[in-house]
file my_file_8.cif (mmCIF, C-alpha atoms and all ligand atoms)
data_structure
loop_
_atom_site.label_atom_id
_atom_site.label_comp_id
_atom_site.auth_asym_id
_atom_site.auth_seq_id
_atom_site.Cartn_x
_atom_site.Cartn_y
_atom_site.Cartn_z
CA MET L 893 33.40 2.51 -32.49
CA ARG L 894 30.03 3.00 -30.78
CA ALA L 895 27.46 5.48 -32.09
CA SER L 896 24.12 6.38 -30.53
CA LEU L 897 21.50 8.02 -32.72
CA ILE L 898 18.83 9.75 -30.62
CA GLN L 899 15.61 9.72 -32.62
CA ILE L 900 13.75 12.50 -30.83
CA ALA L 901 9.95 12.79 -30.88
CA VAL L 902 9.11 16.36 -31.87
CA ASN L 903 5.53 17.05 -30.82
CA GLU L 904 3.86 20.40 -30.27
CA ASP L 905 2.78 19.66 -26.70
CA GLU L 906 6.36 20.10 -25.44
CA SER L 907 8.02 23.52 -25.23
CA VAL L 908 11.34 24.07 -26.97
CA ASP L 909 13.10 24.64 -23.67
CA SER L 910 11.69 21.47 -22.09
CA ARG L 911 12.75 19.48 -25.12
CA ARG L 912 16.22 21.02 -24.98
CA GLN L 913 16.65 19.94 -21.36
CA ARG L 914 15.18 16.48 -22.03
CA VAL L 915 17.52 15.94 -24.99
CA ALA L 916 20.54 17.10 -22.97
CA ALA L 917 19.69 14.44 -20.37
CA LEU L 918 19.42 11.81 -23.12
CA VAL L 919 22.86 12.84 -24.44
CA ARG L 920 24.34 12.52 -20.94
CA GLU L 921 22.94 8.98 -20.73
CA GLN L 922 25.10 8.03 -23.75
CA ALA L 923 28.40 8.28 -21.82
CA GLY L 924 30.52 5.41 -23.11
CA ALA L 925 29.57 5.99 -26.76
CA ASP L 926 32.16 7.54 -29.07
CA LEU L 927 29.69 9.53 -31.14
CA VAL L 928 26.13 10.71 -30.46
CA VAL L 929 23.91 12.02 -33.26
CA LEU L 930 20.71 14.10 -32.99
CA PRO L 931 18.20 14.90 -35.77
CA GLU L 932 17.55 17.99 -37.89
CA LEU L 933 15.75 21.01 -36.38
CA TRP L 934 14.65 19.08 -33.30
CA THR L 935 13.98 22.25 -31.29
CA THR L 936 11.16 23.36 -33.62
CA GLY L 937 10.50 20.47 -36.00
CA ALA L 938 11.67 20.59 -39.62
CA PHE L 939 8.16 21.32 -40.95
CA ALA L 940 7.14 23.92 -38.32
CA PHE L 941 8.04 26.75 -40.68
CA GLU L 942 6.33 29.45 -38.59
CA GLU L 943 8.55 28.54 -35.64
CA PHE L 944 11.83 29.03 -37.50
CA GLY L 945 11.88 32.80 -37.09
CA ARG L 946 10.39 32.71 -33.57
CA GLU L 947 12.87 30.14 -32.25
CA ALA L 948 15.95 31.14 -34.29
CA GLU L 949 19.15 31.42 -32.25
CA PRO L 950 22.59 32.86 -32.88
CA LEU L 951 25.16 30.13 -33.49
CA GLN L 952 26.27 30.26 -29.86
CA GLY L 953 22.75 30.45 -28.43
CA PRO L 954 20.92 28.31 -25.85
CA THR L 955 21.05 25.07 -27.86
CA TYR L 956 24.79 25.49 -28.47
CA GLU L 957 25.43 26.16 -24.76
CA THR L 958 23.28 23.24 -23.60
CA MET L 959 24.70 20.78 -26.10
CA ALA L 960 28.35 21.79 -25.53
CA LYS L 961 27.84 21.03 -21.84
CA ALA L 962 26.02 17.76 -22.54
CA ALA L 963 28.88 16.63 -24.83
CA SER L 964 31.49 17.34 -22.17
CA ASP L 965 29.40 15.82 -19.36
CA ALA L 966 29.04 12.61 -21.42
CA GLY L 967 32.59 12.78 -22.85
CA VAL L 968 31.34 12.07 -26.39
CA TRP L 969 31.70 13.55 -29.83
CA LEU L 970 28.28 15.09 -30.39
CA HIS L 971 26.61 15.88 -33.68
CA ALA L 972 23.90 17.98 -32.04
CA GLY L 973 21.61 17.95 -35.07
CA SER L 974 20.61 21.32 -36.48
CA ILE L 975 19.08 24.56 -35.21
CA PRO L 976 17.39 27.45 -36.96
CA GLU L 977 20.37 29.83 -36.82
CA ARG L 978 19.97 33.59 -37.16
CA ALA L 979 23.27 34.83 -38.55
CA VAL L 980 24.99 37.74 -36.86
CA SER L 981 28.00 39.71 -38.12
CA GLY L 982 31.12 37.62 -38.42
CA SER L 983 29.33 34.29 -37.97
CA GLY L 984 30.42 32.82 -41.32
CA SER L 985 32.08 33.80 -44.57
CA ALA L 986 28.99 34.39 -46.73
CA ALA L 987 26.44 35.00 -43.97
CA GLN L 988 24.20 38.07 -44.14
CA ASP L 989 23.14 39.61 -40.85
CA GLY L 990 19.68 38.32 -39.86
CA THR L 991 19.56 35.53 -42.45
CA LEU L 992 18.23 32.21 -41.14
CA TYR L 993 20.19 29.01 -41.79
CA ASN L 994 19.55 25.36 -40.98
CA THR L 995 22.81 24.86 -39.12
CA SER L 996 24.26 21.69 -37.63
CA LEU L 997 26.49 21.92 -34.56
CA LEU L 998 29.27 19.46 -33.71
CA PHE L 999 31.18 19.28 -30.44
CA SER L 1000 34.26 17.44 -29.23
CA PRO L 1001 34.19 15.31 -26.03
CA SER L 1002 35.48 18.32 -24.09
CA GLY L 1003 32.54 20.42 -25.32
CA GLU L 1004 34.63 22.48 -27.73
CA PRO L 1005 33.00 23.43 -31.06
CA ALA L 1006 34.26 21.02 -33.74
CA ALA L 1007 32.26 22.34 -36.73
CA ALA L 1008 29.10 24.05 -37.90
CA TYR L 1009 27.44 23.05 -41.17
CA ARG L 1010 24.81 25.18 -42.91
CA LYS L 1011 22.49 22.93 -44.93
CA ILE L 1012 23.23 23.39 -48.62
CA HIS L 1013 20.02 22.05 -50.27
CA ARG L 1014 16.91 23.67 -48.78
CA PHE L 1015 13.66 21.73 -48.91
CA GLY L 1016 10.27 23.03 -50.02
CA PHE L 1017 10.64 24.17 -53.66
CA ASP L 1018 9.00 27.62 -53.49
CA LYS L 1019 7.88 27.56 -49.86
CA GLY L 1020 8.94 26.63 -46.30
CA GLU L 1021 12.64 26.22 -45.68
CA ALA L 1022 13.48 26.98 -49.32
CA VAL L 1023 12.27 30.57 -49.00
CA LEU L 1024 12.76 31.18 -45.26
CA MET L 1025 16.38 30.11 -44.98
CA GLY L 1026 19.64 30.86 -46.73
CA ALA L 1027 21.71 28.14 -48.39
CA GLY L 1028 25.02 26.99 -46.98
CA GLN L 1029 27.99 27.11 -49.34
CA GLU L 1030 30.66 25.05 -47.61
CA LEU L 1031 31.35 21.32 -47.29
CA VAL L 1032 32.17 20.14 -43.78
CA THR L 1033 34.27 17.18 -42.69
CA VAL L 1034 35.39 16.50 -39.12
CA ARG L 1035 38.33 14.31 -38.18
CA LEU L 1036 37.64 11.99 -35.21
CA PRO L 1037 40.34 9.66 -33.84
CA GLU L 1038 38.72 6.65 -35.59
CA THR L 1039 37.16 8.09 -38.78
CA THR L 1040 36.48 11.24 -40.77
CA LEU L 1041 32.88 12.41 -40.70
CA GLY L 1042 31.23 13.98 -43.73
CA VAL L 1043 28.22 16.05 -42.75
CA ALA L 1044 24.95 16.60 -44.64
CA THR L 1045 21.35 17.36 -43.63
CA CYS L 1046 18.05 15.69 -44.61
CA TYR L 1047 17.09 16.85 -48.16
CA ASP L 1048 20.86 16.87 -48.98
CA LEU L 1049 20.48 13.06 -49.03
CA ARG L 1050 18.88 13.36 -52.49
CA PHE L 1051 22.01 14.96 -54.04
CA PRO L 1052 24.70 12.32 -54.66
CA GLU L 1053 27.25 14.84 -55.94
CA LEU L 1054 27.41 16.44 -52.47
CA PHE L 1055 28.37 13.10 -50.93
CA ARG L 1056 30.93 12.37 -53.63
CA SER L 1057 32.53 15.74 -52.86
CA LEU L 1058 32.62 14.81 -49.16
CA VAL L 1059 34.30 11.52 -50.03
CA ASP L 1060 36.82 13.38 -52.19
CA ALA L 1061 37.50 15.52 -49.10
CA GLY L 1062 38.24 12.36 -47.06
CA ALA L 1063 34.87 11.42 -45.54
CA GLU L 1064 34.46 7.80 -44.44
CA THR L 1065 31.37 8.10 -42.23
CA LEU L 1066 28.46 10.14 -43.57
CA VAL L 1067 26.30 11.64 -40.83
CA ILE L 1068 22.83 12.85 -41.82
CA PRO L 1069 20.43 14.38 -39.29
CA ALA L 1070 16.93 14.65 -40.73
CA GLY L 1071 13.29 15.48 -40.17
CA TRP L 1072 11.99 13.11 -42.85
CA PRO L 1073 8.23 12.66 -43.26
CA GLU L 1074 6.52 9.29 -42.99
CA ARG L 1075 4.94 9.58 -46.44
CA ARG L 1076 8.40 9.36 -48.13
CA ARG L 1077 9.93 6.79 -45.78
CA ALA L 1078 10.72 4.39 -48.63
CA HIS L 1079 12.95 7.09 -50.22
CA TRP L 1080 14.76 7.63 -46.90
CA THR L 1081 15.77 4.01 -46.53
CA LEU L 1082 16.64 3.55 -50.19
CA LEU L 1083 18.73 6.74 -50.41
CA ALA L 1084 20.61 5.99 -47.16
CA GLN L 1085 21.63 2.61 -48.56
CA ALA L 1086 22.46 4.10 -51.97
CA ARG L 1087 24.75 6.76 -50.45
CA ALA L 1088 26.55 4.04 -48.44
CA VAL L 1089 27.02 1.70 -51.41
CA GLU L 1090 28.08 4.29 -54.00
CA ASN L 1091 30.54 5.96 -51.62
CA GLN L 1092 31.68 2.80 -49.81
CA ALA L 1093 31.13 4.65 -46.53
CA PHE L 1094 29.16 4.22 -43.33
CA VAL L 1095 25.90 6.15 -43.26
CA LEU L 1096 24.47 7.25 -39.91
CA ALA L 1097 21.07 8.82 -40.62
CA CYS L 1098 19.12 10.12 -37.62
CA GLY L 1099 15.51 11.25 -38.08
CA THR L 1100 12.72 12.52 -35.85
CA ALA L 1101 9.61 10.78 -34.56
CA GLY L 1102 6.26 12.31 -33.57
CA THR L 1103 4.05 14.74 -35.49
CA HIS L 1104 4.50 18.49 -35.81
CA ALA L 1105 2.75 21.00 -38.10
CA GLY L 1106 0.49 18.13 -39.13
CA VAL L 1107 3.39 16.15 -40.65
CA PRO L 1108 3.93 12.66 -39.18
CA GLN L 1109 7.64 11.88 -39.06
CA ALA L 1110 9.16 8.68 -40.40
CA GLY L 1111 11.48 7.77 -37.54
CA HIS L 1112 13.37 4.70 -38.81
CA SER L 1113 16.82 6.15 -38.21
CA ILE L 1114 19.28 3.87 -39.91
CA VAL L 1115 22.94 2.83 -39.90
CA VAL L 1116 24.31 1.30 -43.10
CA ASP L 1117 27.79 -0.15 -43.66
CA PRO L 1118 30.03 0.46 -46.71
CA TRP L 1119 28.68 -2.71 -48.37
CA GLY L 1120 25.09 -1.46 -48.06
CA GLU L 1121 24.12 -3.77 -45.21
CA VAL L 1122 21.73 -2.25 -42.68
CA LEU L 1123 23.47 -2.61 -39.29
CA ALA L 1124 20.60 -1.14 -37.27
CA GLU L 1125 17.25 0.50 -37.88
CA ALA L 1126 14.92 2.23 -35.43
CA GLY L 1127 11.16 1.90 -35.29
CA PRO L 1128 8.71 4.79 -35.70
CA GLY L 1129 8.77 6.20 -32.13
CA GLU L 1130 11.31 7.96 -29.93
CA GLU L 1131 14.29 5.66 -29.51
CA VAL L 1132 18.04 5.59 -28.96
CA LEU L 1133 19.61 3.46 -31.69
CA THR L 1134 23.03 2.24 -30.58
CA VAL L 1135 25.40 0.47 -32.93
CA ASP L 1136 28.99 -0.76 -32.83
CA PHE L 1137 30.87 -0.57 -36.10
CA ASP L 1138 34.42 -0.95 -37.34
CA PRO L 1139 35.59 2.19 -39.21
CA ALA L 1140 38.42 0.13 -40.80
CA LYS L 1141 35.74 -1.52 -42.96
CA VAL L 1142 35.71 1.55 -45.20
CA ALA L 1143 39.33 1.13 -46.29
CA ALA L 1144 38.90 -2.65 -46.53
CA THR L 1145 35.80 -2.34 -48.76
CA ARG L 1146 37.45 0.29 -50.97
CA GLU L 1147 40.49 -1.96 -51.38
CA GLN L 1148 38.64 -5.23 -52.01
CA PHE L 1149 36.09 -3.73 -54.44
CA PRO L 1150 37.81 -0.60 -55.75
CA VAL L 1151 34.99 1.01 -57.76
CA LEU L 1152 35.91 4.54 -56.66
CA LYS L 1153 39.18 4.12 -58.58
CA ASP L 1154 37.20 3.49 -61.80
CA ARG L 1155 35.51 6.87 -61.87
CA VAL L 1156 35.73 8.63 -65.22
CA LEU L 1157 35.74 12.40 -64.80
CA GLY L 1158 35.54 15.23 -67.33
CA LEU L 1159 33.32 13.48 -69.92
CA GLN L 1160 32.52 15.33 -73.14
CA PRO L 1161 28.95 16.69 -73.45
CA PRO L 1162 26.78 14.80 -76.02
CA ARG L 1163 27.08 15.84 -79.69
CA HIS L 1164 23.84 16.34 -81.60
CA GLN L 1165 23.29 13.29 -83.79
CA GLY L 1166 20.76 13.35 -86.63
N1 LIG Z 1201 13.57 18.62 -43.95
C1 LIG Z 1201 13.82 18.12 -45.13
O1 LIG Z 1201 14.85 18.36 -45.71
C2 LIG Z 1201 12.74 17.24 -45.70
C3 LIG Z 1201 13.20 16.47 -46.91
C4 LIG Z 1201 12.11 15.65 -47.51
O2 LIG Z 1201 11.00 15.61 -47.00
C5 LIG Z 1201 12.39 14.89 -48.73
O3 LIG Z 1201 13.49 15.02 -49.30
O4 LIG Z 1201 11.50 14.14 -49.16
#
call {"tool": "encode", "arguments": {"input": "my_file_8.cif", "output": "structure tokens", "more": "lines below"}}
Ligand SMILES: NC(=O)CCC(=O)C(=O)O
result
Amino acid sequence: MRASLIQIAVNEDESVDSRRQRVAALVREQAGADLVVLPELWTTGAFAFEEFGREAEPLQGPTYETMAKAASDAGVWLHAGSIPERAVSGSGSAAQDGTLYNTSLLFSPSGEPAAAYRKIHRFGFDKGEAVLMGAGQELVTVRLPETTLGVATCYDLRFPELFRSLVDAGAETLVIPAGWPERRRAHWTLLAQARAVENQAFVLACGTAGTHAGVPQAGHSIVVDPWGEVLAEAGPGEEVLTVDFDPAKVAATREQFPVLKDRVLGLQPPRHQG
């Protein structure tokens, strides 16, 4: 299976619409890949909080339309990264009208919508995304012919229980678009490898490059196999990271080294001693 991770540079000197058209052209260039992955909030930048409201789109807005077409032109499964979504009536079970979400869009090779995932863990503690956006409530997996994707976004990477739930739901390839800052790059690489090893799954983690809102981005998109080996890693700048991998390695690793079968669930809470 061939995956291309497009590590987009998100700089303020490019308009959202120009970037959208430029990214669509990059997706089209990936014809021949099975899966193409874009980063988190690449229209605005994940740290450009003031842009979230200004650039928010309904689920089926301009980014959706442009990316659906790019997926079908290229004939690829496309994880189109995430957009600032402004929810409208009927756009999701728990959605409130007008609420913003950090929503990932996935398309089939014919440009049909395959899934939408609203980021569950919002970053920023008591500011930024954490206060501007609503939290997603639903896990998302997507069945491809070769593998089952489990979807998460950026800060979600720090929450291992989310990934274990995705694995319990059948995920074999964990896809993580991100806008991860340079100053925590060591965490990015370490956590991507940890999620691969503990879940015996492929991890495809696609970040942004460039600098927006004064926050230099880490780049260094990474693909890790179920044994924790790094199959490919990007540099700091804009880059298309292409990797061939064998999805059957997930089942083989889980069979040869069956740690997931040794999980002990439902432990008793500690008793007070002394
Ligand atoms: N956009 C994000 O979720 C940033 C996450 C981050 O910077 C971190 O976890 O560290």
call {"tool": "residues_around", "arguments": {"input": "my_file_8.cif", "residues": "Glu942 in chain L", "least_positions_apart": "4", "cutoff": "12 Å", "atoms": "all atoms listed in the file", "output": "PDB file with C-alpha atoms, in the frame of the given file"}}
result
ATOM      1  CA  THR L 936      11.160  23.360 -33.620  1.00  0.00           C
ATOM      2  CA  GLY L 937      10.500  20.470 -36.000  1.00  0.00           C
ATOM      3  CA  ALA L 938      11.670  20.590 -39.620  1.00  0.00           C
ATOM      4  CA  ARG L 946      10.390  32.710 -33.570  1.00  0.00           C
ATOM      5  CA  GLU L 947      12.870  30.140 -32.250  1.00  0.00           C
ATOM      6  CA  ALA L 948      15.950  31.140 -34.290  1.00  0.00           C
ATOM      7  CA  PRO L 976      17.390  27.450 -36.960  1.00  0.00           C
ATOM      8  CA  LYS L1019       7.880  27.560 -49.860  1.00  0.00           C
ATOM      9  CA  GLY L1020       8.940  26.630 -46.300  1.00  0.00           C
ATOM     10  CA  GLU L1021      12.640  26.220 -45.680  1.00  0.00           C
ATOM     11  CA  LEU L1024      12.760  31.180 -45.260  1.00  0.00           C
ATOM     12  CA  MET L1025      16.380  30.110 -44.980  1.00  0.00           C
ATOM     13  CA  HIS L1104       4.500  18.490 -35.810  1.00  0.00           C
ATOM     14  CA  ALA L1105       2.750  21.000 -38.100  1.00  0.00           C
TER      15      ALA L1105
END
call {"tool": "residues_around", "arguments": {"input": "my_file_8.cif", "residues": "Gly1042 in chain L", "least_positions_apart": "5", "cutoff": "12 Å", "atoms": "all atoms listed in the file", "output": "mmCIF file with C-alpha atoms, in the frame of the given file"}}
result
data_model
loop_
_atom_site.group_PDB
_atom_site.id
_atom_site.type_symbol
_atom_site.label_atom_id
_atom_site.label_comp_id
_atom_site.auth_asym_id
_atom_site.auth_seq_id
_atom_site.Cartn_x
_atom_site.Cartn_y
_atom_site.Cartn_z
ATOM 1 C CA HIS L 971 26.610 15.880 -33.680
ATOM 2 C CA LEU L 998 29.270 19.460 -33.710
ATOM 3 C CA ALA L 1007 32.260 22.340 -36.730
ATOM 4 C CA ALA L 1008 29.100 24.050 -37.900
ATOM 5 C CA TYR L 1009 27.440 23.050 -41.170
ATOM 6 C CA GLU L 1030 30.660 25.050 -47.610
ATOM 7 C CA LEU L 1031 31.350 21.320 -47.290
ATOM 8 C CA VAL L 1032 32.170 20.140 -43.780
ATOM 9 C CA THR L 1033 34.270 17.180 -42.690
ATOM 10 C CA VAL L 1034 35.390 16.500 -39.120
ATOM 11 C CA ARG L 1035 38.330 14.310 -38.180
ATOM 12 C CA LEU L 1036 37.640 11.990 -35.210
ATOM 13 C CA ASP L 1048 20.860 16.870 -48.980
ATOM 14 C CA LEU L 1054 27.410 16.440 -52.470
ATOM 15 C CA PHE L 1055 28.370 13.100 -50.930
ATOM 16 C CA ARG L 1056 30.930 12.370 -53.630
ATOM 17 C CA SER L 1057 32.530 15.740 -52.860
ATOM 18 C CA LEU L 1058 32.620 14.810 -49.160
ATOM 19 C CA VAL L 1059 34.300 11.520 -50.030
ATOM 20 C CA ASP L 1060 36.820 13.380 -52.190
ATOM 21 C CA ALA L 1061 37.500 15.520 -49.100
ATOM 22 C CA GLY L 1062 38.240 12.360 -47.060
ATOM 23 C CA ALA L 1063 34.870 11.420 -45.540
ATOM 24 C CA GLU L 1064 34.460 7.800 -44.440
ATOM 25 C CA THR L 1065 31.370 8.100 -42.230
ATOM 26 C CA LEU L 1066 28.460 10.140 -43.570
ATOM 27 C CA VAL L 1067 26.300 11.640 -40.830
ATOM 28 C CA ILE L 1068 22.830 12.850 -41.820
ATOM 29 C CA PRO L 1069 20.430 14.380 -39.290
ATOM 30 C CA ARG L 1087 24.750 6.760 -50.450
ATOM 31 C CA ALA L 1088 26.550 4.040 -48.440
ATOM 32 C CA ASN L 1091 30.540 5.960 -51.620
ATOM 33 C CA ALA L 1093 31.130 4.650 -46.530
ATOM 34 C CA PHE L 1094 29.160 4.220 -43.330
ATOM 35 C CA VAL L 1095 25.900 6.150 -43.260
ATOM 36 C CA LEU L 1096 24.470 7.250 -39.910
ATOM 37 C CA ALA L 1097 21.070 8.820 -40.620
#
call {"tool": "residues_near_point", "arguments": {"input": "my_file_8.cif", "point": "(12.6, 16.9, -29.8)", "cutoff": "12 Å", "atoms": "only C-alpha atoms", "output": "PyMOL selection string"}}
result
chain L and resi 898-916+918+930-938+955+972-975+1070-1071+1099-1104+1109+1129-1131
call {"tool": "residues_near_ligand", "arguments": {"input": "my_file_8.cif", "ligand": "ligand LIG 1201 (chain Z)", "cutoff": "8 Å", "atoms": "only C-alpha atoms and all ligand atoms", "output": "list in words"}}
result
Glu932, Ala938, Phe939, His1013, Arg1014, Phe1015, Gly1016, Glu1021, Thr1045, Cys1046, Tyr1047, Asp1048, Leu1049, Arg1050, Ala1070, Gly1071, Trp1072, Pro1073, Arg1076, His1079 and Trp1080 of chain L
call {"tool": "axis_aligned_box", "arguments": {"input": "my_file_8.cif", "around": "range 1055-1059 of chain L", "padding_each_side": "4 Å", "output": "AutoDock Vina command-line options"}}
result
--center_x 31.3 --center_y 13.6 --center_z -51.4 --size_x 13.9 --size_y 12.2 --size_z 12.5
call {"tool": "atom_distance", "arguments": {"input": "my_file_8.cif", "atom1": "CA of Pro1128 in chain L", "atom2": "CA of His1112 in chain L"}}
result
5.6 Å
call {"tool": "residues_around", "arguments": {"input": "my_file_8.cif", "residues": "Ala1126 in chain L", "least_positions_apart": "3", "cutoff": "8 Å", "atoms": "all atoms listed in the file", "output": "list in words"}}
result
Gly1111, His1112, Ser1113, Ile1114, Glu1131, Val1132 and Leu1133 of chain L
call {"tool": "closest_residue", "arguments": {"input": "my_file_8.cif", "among": "L:Lys1153, L:Gln1148, L:Ala940, L:Phe1051", "to": "Pro1108 in chain L", "atoms": "only C-alpha atoms"}}
result
L:Ala940
call {"tool": "atom_distance", "arguments": {"input": "my_file_8.cif", "atom1": "CA of Cys1098 in chain L", "atom2": "CA of Leu1082 in chain L"}}
result
14.4 Å
call {"tool": "closest_residue", "arguments": {"input": "my_file_8.cif", "among": "L:Gln1092, L:Ser964, L:Thr1039, L:Thr995", "to": "Phe1137 in chain L", "atoms": "only C-alpha atoms"}}
result
L:Thr1039
call {"tool": "closest_residue", "arguments": {"input": "my_file_8.cif", "among": "L:Ala1027, L:Ala917, L:Val1156, L:Ala963", "to": "Thr991 in chain L", "atoms": "all atoms listed in the file"}}
result
L:Ala1027
call {"tool": "atom_distance", "arguments": {"input": "my_file_8.cif", "atom1": "CA of Arg920 in chain L", "atom2": "CA of Gly967 in chain L"}}
result
8.5 Å
call {"tool": "closest_residue", "arguments": {"input": "my_file_8.cif", "among": "L:Pro1161, L:Gly990, L:Gly924, L:Gly1028", "to": "Trp969 in chain L", "atoms": "all atoms listed in the file"}}
result
L:Gly924
call {"tool": "closest_residue", "arguments": {"input": "my_file_8.cif", "among": "L:Glu977, L:Glu1125, L:Asp965, L:Glu1147", "to": "Ser1002 in chain L", "atoms": "all atoms listed in the file"}}
result
L:Asp965
call {"tool": "closest_residue", "arguments": {"input": "my_file_8.cif", "among": "L:Ala979, L:Ala1143, L:Val1115, L:Met959", "to": "Gly945 in chain L", "atoms": "only C-alpha atoms"}}
result
L:Ala979
call {"tool": "residues_around", "arguments": {"input": "my_file_8.cif", "residues": "Pro1037 in chain L", "least_positions_apart": "3", "cutoff": "12 Å", "atoms": "all atoms listed in the file", "output": "list of chain:residue names"}}
result
L:Met893, L:Asp926, L:Leu927, L:Val968, L:Trp969, L:Ser1000, L:Pro1001, L:Val1034, L:Thr1040, L:Leu1041, L:Pro1139, L:Ala1140
call {"tool": "build_atoms", "arguments": {"input": "my_file_8.cif", "residues": "range 912-932 of chain L", "atoms": "N, CA and C atoms", "output": "JSON list (two decimals), in the frame of the given file"}}
result
[["chain", "number", "residue", "atom", "x", "y", "z"],
["L", 912, "ARG", "N", 14.77, 20.83, -25.03],
["L", 912, "ARG", "CA", 16.22, 21.02, -24.98],
["L", 912, "ARG", "C", 16.81, 20.35, -23.73],
["L", 913, "GLN", "N", 16.14, 20.53, -22.61],
["L", 913, "GLN", "CA", 16.65, 19.94, -21.36],
["L", 913, "GLN", "C", 16.52, 18.41, -21.40],
["L", 914, "ARG", "N", 15.42, 17.94, -21.94],
["L", 914, "ARG", "CA", 15.18, 16.48, -22.03],
["L", 914, "ARG", "C", 16.23, 15.83, -22.95],
["L", 915, "VAL", "N", 16.53, 16.50, -24.05],
["L", 915, "VAL", "CA", 17.52, 15.94, -24.99],
["L", 915, "VAL", "C", 18.92, 15.97, -24.37],
["L", 916, "ALA", "N", 19.22, 17.04, -23.63],
["L", 916, "ALA", "CA", 20.54, 17.10, -22.97],
["L", 916, "ALA", "C", 20.70, 15.92, -22.01],
["L", 917, "ALA", "N", 19.62, 15.59, -21.29],
["L", 917, "ALA", "CA", 19.69, 14.44, -20.37],
["L", 917, "ALA", "C", 19.90, 13.14, -21.14],
["L", 918, "LEU", "N", 19.24, 13.02, -22.30],
["L", 918, "LEU", "CA", 19.42, 11.81, -23.12],
["L", 918, "LEU", "C", 20.86, 11.71, -23.62],
["L", 919, "VAL", "N", 21.45, 12.86, -23.99],
["L", 919, "VAL", "CA", 22.86, 12.84, -24.44],
["L", 919, "VAL", "C", 23.74, 12.37, -23.30],
["L", 920, "ARG", "N", 23.51, 12.91, -22.11],
["L", 920, "ARG", "CA", 24.34, 12.52, -20.94],
["L", 920, "ARG", "C", 24.27, 11.01, -20.69],
["L", 921, "GLU", "N", 23.09, 10.44, -20.94],
["L", 921, "GLU", "CA", 22.94, 8.98, -20.73],
["L", 921, "GLU", "C", 23.79, 8.16, -21.71],
["L", 922, "GLN", "N", 24.32, 8.79, -22.75],
["L", 922, "GLN", "CA", 25.10, 8.03, -23.75],
["L", 922, "GLN", "C", 26.59, 7.98, -23.41],
["L", 923, "ALA", "N", 26.98, 8.39, -22.21],
["L", 923, "ALA", "CA", 28.40, 8.28, -21.82],
["L", 923, "ALA", "C", 28.86, 6.87, -22.11],
["L", 924, "GLY", "N", 30.04, 6.74, -22.71],
["L", 924, "GLY", "CA", 30.52, 5.41, -23.11],
["L", 924, "GLY", "C", 30.46, 5.25, -24.63],
["L", 925, "ALA", "N", 29.56, 5.99, -25.29],
["L", 925, "ALA", "CA", 29.57, 5.99, -26.76],
["L", 925, "ALA", "C", 30.73, 6.86, -27.24],
["L", 926, "ASP", "N", 31.15, 6.66, -28.49],
["L", 926, "ASP", "CA", 32.16, 7.54, -29.07],
["L", 926, "ASP", "C", 31.51, 8.75, -29.74],
["L", 927, "LEU", "N", 30.36, 8.49, -30.35],
["L", 927, "LEU", "CA", 29.69, 9.53, -31.14],
["L", 927, "LEU", "C", 28.19, 9.46, -30.87],
["L", 928, "VAL", "N", 27.59, 10.62, -30.63],
["L", 928, "VAL", "CA", 26.13, 10.71, -30.46],
["L", 928, "VAL", "C", 25.60, 11.64, -31.55],
["L", 929, "VAL", "N", 24.48, 11.24, -32.15],
["L", 929, "VAL", "CA", 23.91, 12.02, -33.26],
["L", 929, "VAL", "C", 22.46, 12.37, -32.95],
["L", 930, "LEU", "N", 22.09, 13.63, -33.16],
["L", 930, "LEU", "CA", 20.71, 14.10, -32.99],
["L", 930, "LEU", "C", 20.14, 14.45, -34.37],
["L", 931, "PRO", "N", 18.81, 14.62, -34.46],
["L", 931, "PRO", "CA", 18.20, 14.90, -35.77],
["L", 931, "PRO", "C", 18.25, 16.38, -36.19],
["L", 932, "GLU", "N", 17.67, 16.63, -37.34],
["L", 932, "GLU", "CA", 17.55, 17.99, -37.89],
["L", 932, "GLU", "C", 16.48, 18.79, -37.12]]
